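work.cif (mmCIF, C-alpha atoms and all ligand atoms) appears below.
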data_structure
#
loop_
_atom_site.label_atom_id
_atom_site.label_comp_id
_atom_site.auth_asym_id
_atom_site.auth_seq_id
_atom_site.Cartn_x
_atom_site.Cartn_y
_atom_site.Cartn_z
CA MET T 1 -35.42 34.98 -33.95
CA THR T 2 -31.86 35.73 -32.92
CA THR T 3 -29.20 33.11 -32.41
CA GLN T 4 -26.86 33.68 -29.54
CA THR T 5 -23.29 32.65 -30.27
CA PRO T 6 -21.99 30.75 -27.26
CA SER T 7 -18.79 31.88 -25.67
CA PHE T 8 -16.48 29.75 -23.55
CA VAL T 9 -14.20 30.67 -20.68
CA ILE T 10 -11.66 28.12 -21.97
CA PRO T 11 -11.49 26.57 -25.46
CA PRO T 12 -14.04 23.71 -25.71
CA PRO T 13 -12.58 20.27 -26.40
CA ALA T 14 -12.69 19.03 -29.99
CA PRO T 15 -15.34 16.33 -30.56
CA VAL T 16 -14.12 12.74 -30.43
CA THR T 17 -14.92 11.00 -33.72
CA LEU T 18 -14.34 7.65 -35.44
CA PRO T 19 -13.88 6.99 -39.16
CA VAL T 20 -16.64 5.16 -41.01
CA ARG T 21 -15.79 2.73 -43.81
CA GLY T 22 -16.94 3.92 -47.22
CA THR T 23 -17.34 7.61 -46.38
CA SER T 24 -15.27 10.60 -45.33
CA ALA T 25 -17.97 11.52 -42.78
CA ARG T 26 -17.14 10.60 -39.20
CA PHE T 27 -19.09 9.18 -36.24
CA PRO T 28 -19.18 11.47 -33.19
CA VAL T 29 -18.67 9.62 -29.89
CA HIS T 30 -20.95 10.40 -26.94
CA ARG T 31 -20.36 7.80 -24.18
CA VAL T 32 -18.36 4.56 -24.04
CA TYR T 33 -20.01 1.69 -22.19
CA CYS T 34 -18.27 -1.64 -21.60
CA VAL T 35 -19.61 -5.07 -20.65
CA GLY T 36 -17.67 -7.11 -18.10
CA ARG T 37 -17.45 -10.93 -18.26
CA ASN T 38 -19.72 -11.48 -21.27
CA TYR T 39 -17.94 -14.68 -22.40
CA ALA T 40 -18.07 -17.62 -20.00
CA ALA T 41 -14.49 -18.78 -20.66
CA HIS T 42 -13.14 -15.29 -19.86
CA ALA T 43 -15.19 -15.09 -16.65
CA VAL T 44 -13.66 -18.42 -15.63
CA GLU T 45 -10.10 -17.30 -16.45
CA MET T 46 -10.66 -14.24 -14.22
CA GLY T 47 -11.75 -16.51 -11.36
CA HIS T 48 -15.53 -16.12 -11.58
CA ASP T 49 -18.52 -18.41 -12.17
CA PRO T 50 -20.58 -17.08 -15.11
CA ASP T 51 -23.57 -19.15 -13.97
CA LYS T 52 -23.71 -17.25 -10.66
CA GLU T 53 -22.70 -13.74 -11.76
CA PRO T 54 -24.32 -12.14 -14.80
CA PRO T 55 -22.35 -9.67 -16.96
CA PHE T 56 -22.23 -6.04 -15.77
CA PHE T 57 -21.25 -2.58 -17.01
CA PHE T 58 -18.48 -0.06 -16.57
CA GLN T 59 -17.39 2.91 -18.66
CA LYS T 60 -14.46 4.48 -20.41
CA ASN T 61 -14.29 8.13 -21.44
CA PRO T 62 -14.90 9.25 -25.03
CA GLY T 63 -11.47 10.86 -24.99
CA ASN T 64 -9.92 7.42 -24.36
CA MET T 65 -10.63 6.36 -27.96
CA LEU T 66 -7.62 5.66 -30.20
CA SER T 67 -8.45 5.49 -33.91
CA ASP T 68 -7.16 5.93 -37.44
CA GLY T 69 -4.43 3.30 -37.04
CA LYS T 70 -2.48 5.21 -34.40
CA ASP T 71 0.08 3.51 -32.15
CA PHE T 72 -0.90 2.52 -28.58
CA PRO T 73 1.29 4.37 -26.06
CA TYR T 74 2.28 2.10 -23.15
CA PRO T 75 0.40 3.62 -20.17
CA PRO T 76 2.03 4.86 -16.95
CA GLN T 77 1.80 3.23 -13.50
CA THR T 78 1.54 -0.36 -14.74
CA GLY T 79 3.73 -3.31 -15.57
CA ASP T 80 0.87 -5.48 -16.79
CA VAL T 81 -1.28 -3.88 -19.49
CA HIS T 82 -3.62 -6.46 -21.05
CA HIS T 83 -5.35 -6.73 -24.43
CA GLU T 84 -9.10 -7.50 -24.57
CA ILE T 85 -10.51 -7.78 -28.08
CA GLU T 86 -14.18 -6.83 -28.31
CA LEU T 87 -16.97 -6.24 -30.81
CA VAL T 88 -17.92 -2.55 -30.59
CA VAL T 89 -21.53 -1.45 -31.17
CA ALA T 90 -22.20 2.15 -32.24
CA LEU T 91 -25.65 3.68 -31.65
CA SER T 92 -27.51 6.08 -33.93
CA GLY T 93 -30.51 6.29 -31.61
CA GLY T 94 -31.21 6.08 -27.92
CA GLY T 95 -33.78 6.08 -25.16
CA ARG T 96 -34.68 4.36 -21.92
CA ASP T 97 -36.17 0.90 -21.32
CA ILE T 98 -35.63 -0.26 -24.89
CA ALA T 99 -37.23 -3.65 -25.62
CA PRO T 100 -34.79 -6.30 -26.88
CA GLY T 101 -36.92 -6.68 -30.02
CA LYS T 102 -36.42 -2.98 -30.85
CA ALA T 103 -32.81 -2.66 -29.74
CA LEU T 104 -31.08 -3.37 -33.06
CA ASP T 105 -33.12 -0.55 -34.66
CA ILE T 106 -30.88 2.00 -32.91
CA VAL T 107 -27.57 0.41 -33.97
CA TYR T 108 -25.65 2.44 -36.54
CA GLY T 109 -22.83 -0.03 -37.02
CA TYR T 110 -19.99 -2.08 -35.63
CA ALA T 111 -16.23 -1.95 -35.16
CA VAL T 112 -13.34 -3.98 -33.77
CA GLY T 113 -12.06 -2.58 -30.48
CA LEU T 114 -9.58 -3.24 -27.71
CA ASP T 115 -10.47 -2.72 -24.05
CA MET T 116 -6.90 -2.15 -22.87
CA THR T 117 -6.64 -2.77 -19.14
CA ARG T 118 -4.01 -2.05 -16.48
CA ARG T 119 -4.54 -5.51 -14.94
CA ASP T 120 -2.26 -4.92 -11.94
CA ILE T 121 -4.20 -1.81 -10.96
CA GLN T 122 -7.49 -3.61 -11.58
CA ALA T 123 -6.43 -6.48 -9.30
CA ALA T 124 -5.60 -3.99 -6.53
CA MET T 125 -8.92 -2.18 -7.02
CA LYS T 126 -10.86 -5.47 -6.91
CA LYS T 127 -9.08 -6.51 -3.72
CA ALA T 128 -9.92 -3.18 -2.08
CA ALA T 129 -13.49 -3.16 -3.50
CA ARG T 130 -12.75 0.16 -5.20
CA PRO T 131 -13.88 1.47 -8.63
CA TRP T 132 -12.10 0.39 -11.81
CA GLU T 133 -11.55 3.71 -13.60
CA ALA T 134 -7.80 3.77 -13.00
CA ALA T 135 -7.54 0.31 -14.57
CA LYS T 136 -9.86 0.90 -17.51
CA ALA T 137 -10.44 4.56 -18.37
CA PHE T 138 -6.95 5.86 -19.14
CA GLU T 139 -5.74 7.76 -22.19
CA HIS T 140 -5.70 5.73 -25.44
CA SER T 141 -7.21 2.72 -23.61
CA ALA T 142 -9.78 2.07 -26.36
CA PRO T 143 -8.13 1.45 -29.75
CA CYS T 144 -10.88 1.07 -32.37
CA SER T 145 -11.16 0.26 -36.07
CA ALA T 146 -13.26 2.18 -38.58
CA LEU T 147 -16.99 1.64 -38.07
CA VAL T 148 -18.91 -0.41 -40.62
CA PRO T 149 -22.59 0.49 -41.02
CA ALA T 150 -25.18 -2.16 -40.16
CA ALA T 151 -26.82 -1.08 -43.42
CA ASP T 152 -23.85 -2.75 -45.16
CA ILE T 153 -23.13 -5.81 -42.98
CA GLY T 154 -26.30 -6.45 -40.97
CA HIS T 155 -26.02 -7.36 -37.28
CA PRO T 156 -23.25 -9.93 -36.72
CA ALA T 157 -24.34 -12.61 -34.23
CA GLN T 158 -21.73 -15.26 -35.01
CA GLY T 159 -18.25 -15.38 -36.42
CA ALA T 160 -14.68 -15.64 -35.22
CA VAL T 161 -13.21 -13.09 -32.81
CA TRP T 162 -9.45 -13.33 -32.42
CA LEU T 163 -6.37 -11.39 -31.41
CA LYS T 164 -2.77 -12.05 -32.39
CA VAL T 165 0.32 -10.48 -30.83
CA ASN T 166 3.32 -10.45 -33.17
CA GLY T 167 1.50 -13.05 -35.29
CA GLU T 168 0.88 -15.43 -32.39
CA LEU T 169 -2.76 -16.28 -31.58
CA ARG T 170 -3.62 -15.14 -28.05
CA GLN T 171 -7.40 -14.77 -27.91
CA GLU T 172 -9.99 -16.74 -29.83
CA GLY T 173 -13.76 -16.97 -29.53
CA ASP T 174 -16.98 -16.59 -31.45
CA LEU T 175 -19.62 -13.88 -31.26
CA ASN T 176 -22.16 -16.65 -30.63
CA GLN T 177 -20.48 -17.23 -27.21
CA MET T 178 -21.59 -13.83 -25.89
CA ILE T 179 -23.72 -14.39 -22.76
CA TRP T 180 -25.70 -11.19 -23.41
CA LYS T 181 -26.28 -10.73 -27.15
CA THR T 182 -26.10 -7.24 -28.66
CA ALA T 183 -29.87 -6.62 -28.36
CA GLU T 184 -29.89 -7.82 -24.74
CA ILE T 185 -26.93 -5.60 -23.87
CA ILE T 186 -28.74 -2.54 -25.26
CA ALA T 187 -31.94 -3.48 -23.41
CA GLU T 188 -30.08 -4.01 -20.10
CA LEU T 189 -28.04 -0.79 -20.47
CA SER T 190 -31.17 1.23 -21.23
CA LYS T 191 -32.65 0.19 -17.88
CA LEU T 192 -29.76 1.94 -16.15
CA PHE T 193 -28.93 4.83 -18.49
CA GLU T 194 -30.63 6.96 -21.10
CA LEU T 195 -28.86 5.87 -24.26
CA ALA T 196 -28.09 8.44 -26.93
CA PRO T 197 -26.87 8.69 -30.52
CA GLY T 198 -23.08 8.47 -30.49
CA ASP T 199 -22.89 5.96 -27.66
CA LEU T 200 -20.45 3.09 -28.10
CA ILE T 201 -20.71 -0.29 -26.37
CA MET T 202 -17.72 -2.60 -25.99
CA THR T 203 -19.39 -6.00 -25.69
CA GLY T 204 -16.86 -8.01 -23.68
CA THR T 205 -13.85 -10.18 -24.47
CA PRO T 206 -13.32 -13.91 -25.07
CA ALA T 207 -10.70 -15.88 -23.13
CA GLY T 208 -6.97 -15.50 -23.57
CA VAL T 209 -6.32 -12.00 -22.24
CA GLY T 210 -2.66 -11.25 -21.58
CA SER T 211 -0.01 -8.59 -21.34
CA VAL T 212 1.80 -6.69 -24.09
CA GLN T 213 5.16 -4.92 -24.15
CA ARG T 214 6.53 -1.95 -26.08
CA GLY T 215 7.21 -3.01 -29.67
CA ASP T 216 4.44 -5.61 -29.78
CA VAL T 217 2.02 -5.50 -32.70
CA MET T 218 -1.59 -6.32 -31.82
CA HIS T 219 -3.84 -7.56 -34.64
CA ALA T 220 -7.52 -7.88 -33.73
CA HIS T 221 -10.18 -9.38 -36.00
CA VAL T 222 -13.93 -9.89 -35.97
CA ASP T 223 -15.45 -11.85 -38.85
CA GLY T 224 -17.66 -9.68 -41.03
CA VAL T 225 -16.62 -6.49 -39.23
CA GLY T 226 -12.95 -6.00 -39.93
CA ASP T 227 -9.47 -5.74 -38.52
CA LEU T 228 -7.59 -3.46 -36.16
CA GLN T 229 -3.83 -3.31 -35.95
CA THR T 230 -1.85 -1.19 -33.51
CA THR T 231 1.73 -1.16 -32.25
CA VAL T 232 2.59 -0.70 -28.56
CA VAL T 233 5.04 2.19 -28.28
MN MN G 301 -13.42 -5.82 -21.58
#

Any chance you could put this one into structure tokens?
Amino acid sequence: MTTQTPSFVIPPPAPVTLPVRGTSARFPVHRVYCVGRNYAAHAVEMGHDPDKEPPFFFQKNPGNMLSDGKDFPYPPQTGDVHHEIELVVALSGGGRDIAPGKALDIVYGYAVGLDMTRRDIQAAMKKAARPWEAAKAFEHSAPCSALVPAADIGHPAQGAVWLKVNGELRQEGDLNQMIWKTAEIIAELSKLFELAPGDLIMTGTPAGVGSVQRGDVMHAHVDGVGDLQTTVV
């Protein structure tokens, strides 16, 4: 049997990868799914009623990940870029129509992430009933900590989630306030998409979102998962 070496008309992009705590091996990123309005207090602060509107999904691009402690470059075409701290779920398996009771079996591990958002662009897109990509899926819009394997920490279902800017507490919540829990998110997503190893899920943010400026230091924390620190440059 002969193996054909592929050739490319342009150089293929390098794979996007995240560090994993406790090993030099890295996690290759496939897709990046995000949950909108998964904490009631955040839904309310954005002007919505969580009892009437369930959470929903949008996506970022794998190439939007920012890892390994790099600085966050202030994005263009905005004067109001917001922090959203989120628990990140990393999948080692996939499939369609995954039952909630089986969903945690395909979780590789967890990380602390930021769903950085150009809020002014998002507000304009909402008003015009247009898609959110320009607000959400820009370069470096997903700072992320090292992954920690579920084999080491289990599946966190409660614990503090907070974000400080320059040492001042801005966002605070608890994983137990998530409207859709991790297993439910995976089950719901798998009704819409065929999940695959390498997929990441940003699980939504608690209340307290707000803007950052160049020079600000963001420190994000999820109990039992870890910390993420990045400077806006
Ligand atoms: Mn978010």

Give me the residues within 9 Å of Gln158 (chain T) as a list in words, counting all atoms listed in the file and dropping any in the same chain fewer than 2 places off.
->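 In the requested format, the answer is Pro156, Ala160, Asp174, Leu175, Asn176, Gln177 and Asp223 of chain T.
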
Can you tell me which residues come within 8 Å of ligand MN 301 (chain G) when counting all atoms listed in the file, ideally as a list in words?
-> Cys34, Val35, Gly36, Arg37, Glu84, Ile85, Glu86, Leu114, Asp115, Met116, Thr117, Met202, Thr203, Gly204 and Thr205 of chain T

Identify, on the basis of all atoms listed in the file, every residue whose closest approach to region 142-146 of chain T does not exceed 10 Å; exclude the query and any residue fewer than 6 positions from it along the same chain; express the result as an MDAnalysis selection string.
-> chainID T and resid 18:22 26:27 32 60:72 84:88 109:117 136 202 220:221 225:230

What are the nearest atom pairs, with distances in Å to one decimal, for all residues of region 82-124 of chain T that come at most 12 Å from region 44-57 of chain T, using all atoms listed in the file, set out by chain and rising residue number as a Markdown table?
| residue | atom | partner | partner_atom | distance |
| --- | --- | --- | --- | --- |
| T:Arg119 | CA | T:Met46 | CA | 10.7 |
| T:Gln122 | CA | T:Met46 | CA | 11.4 |
| T:Ala123 | CA | T:Met46 | CA | 10.1 |

Would you list the residues near (-42.4, 6.1, -20.4) (no more than 12 Å away, in the coordinates of the file, using all atoms listed in the file) as an MDAnalysis selection string?
-> chainID T and resid 95:98 191 194

Could the residues in this selection be saved with C-alpha atoms as a PDB file, keeping the file's coordinate frame?
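Now in out15.pdb:
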ATOM      1  CA  GLY T  95     -33.780   6.080 -25.160  1.00  0.00           C
ATOM      2  CA  ARG T  96     -34.680   4.360 -21.920  1.00  0.00           C
ATOM      3  CA  ASP T  97     -36.170   0.900 -21.320  1.00  0.00           C
ATOM      4  CA  ILE T  98     -35.630  -0.260 -24.890  1.00  0.00           C
ATOM      5  CA  LYS T 191     -32.650   0.190 -17.880  1.00  0.00           C
ATOM      6  CA  GLU T 194     -30.630   6.960 -21.100  1.00  0.00           C
TER       7      GLU T 194
END

Which residue, T:Ala124, T:Val29, T:Ala103, T:Ala207, has the smallest gap to Arg170 (chain T) when you use all atoms listed in the file?
->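 Selected residue with least distance to Arg170 (chain T): T:Ala207.
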
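CA of Ile106 (chain T) is positioned 27.9 Å from CA of Phe138 (chain T).
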
Calculate how many Å separate CA of Pro206 (chain T) from CA of Lys126 (chain T), rounding to one decimal.
-> 20.2 Å

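Nearest-residue note for Ile185 (chain T): choosing from T:Gly101, T:Gly198, T:Ser7, T:Ile121, the minimum distance belongs to T:Gly101, counting all atoms listed in the file.
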
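Between CA of Arg31 (chain T) and CA of Leu200 (chain T) lies a distance of 6.1 Å.
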
Smallest atom-to-atom distance to Asn38 (chain T): which of T:Gly224, T:Pro197, T:Gly173, T:Gly79, using only C-alpha atoms?
-> T:Gly173

One residue among T:Ala40, T:Leu192, T:Lys102, T:Val107 is nearest to Ala150 (chain T) when using all atoms listed in the file, and that residue is T:Val107

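Nearest to Glu184 (chain T) of all the residues T:Gly159, T:Pro100, T:Pro131, T:Pro12 is T:Pro100, based on all atoms listed in the file.
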
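You can rank T:Pro11, T:Gly167, T:Gly93, T:Pro75 by their closest distance to Gln213 (chain T) using all atoms listed in the file, and at the top of that list sits T:Pro75.
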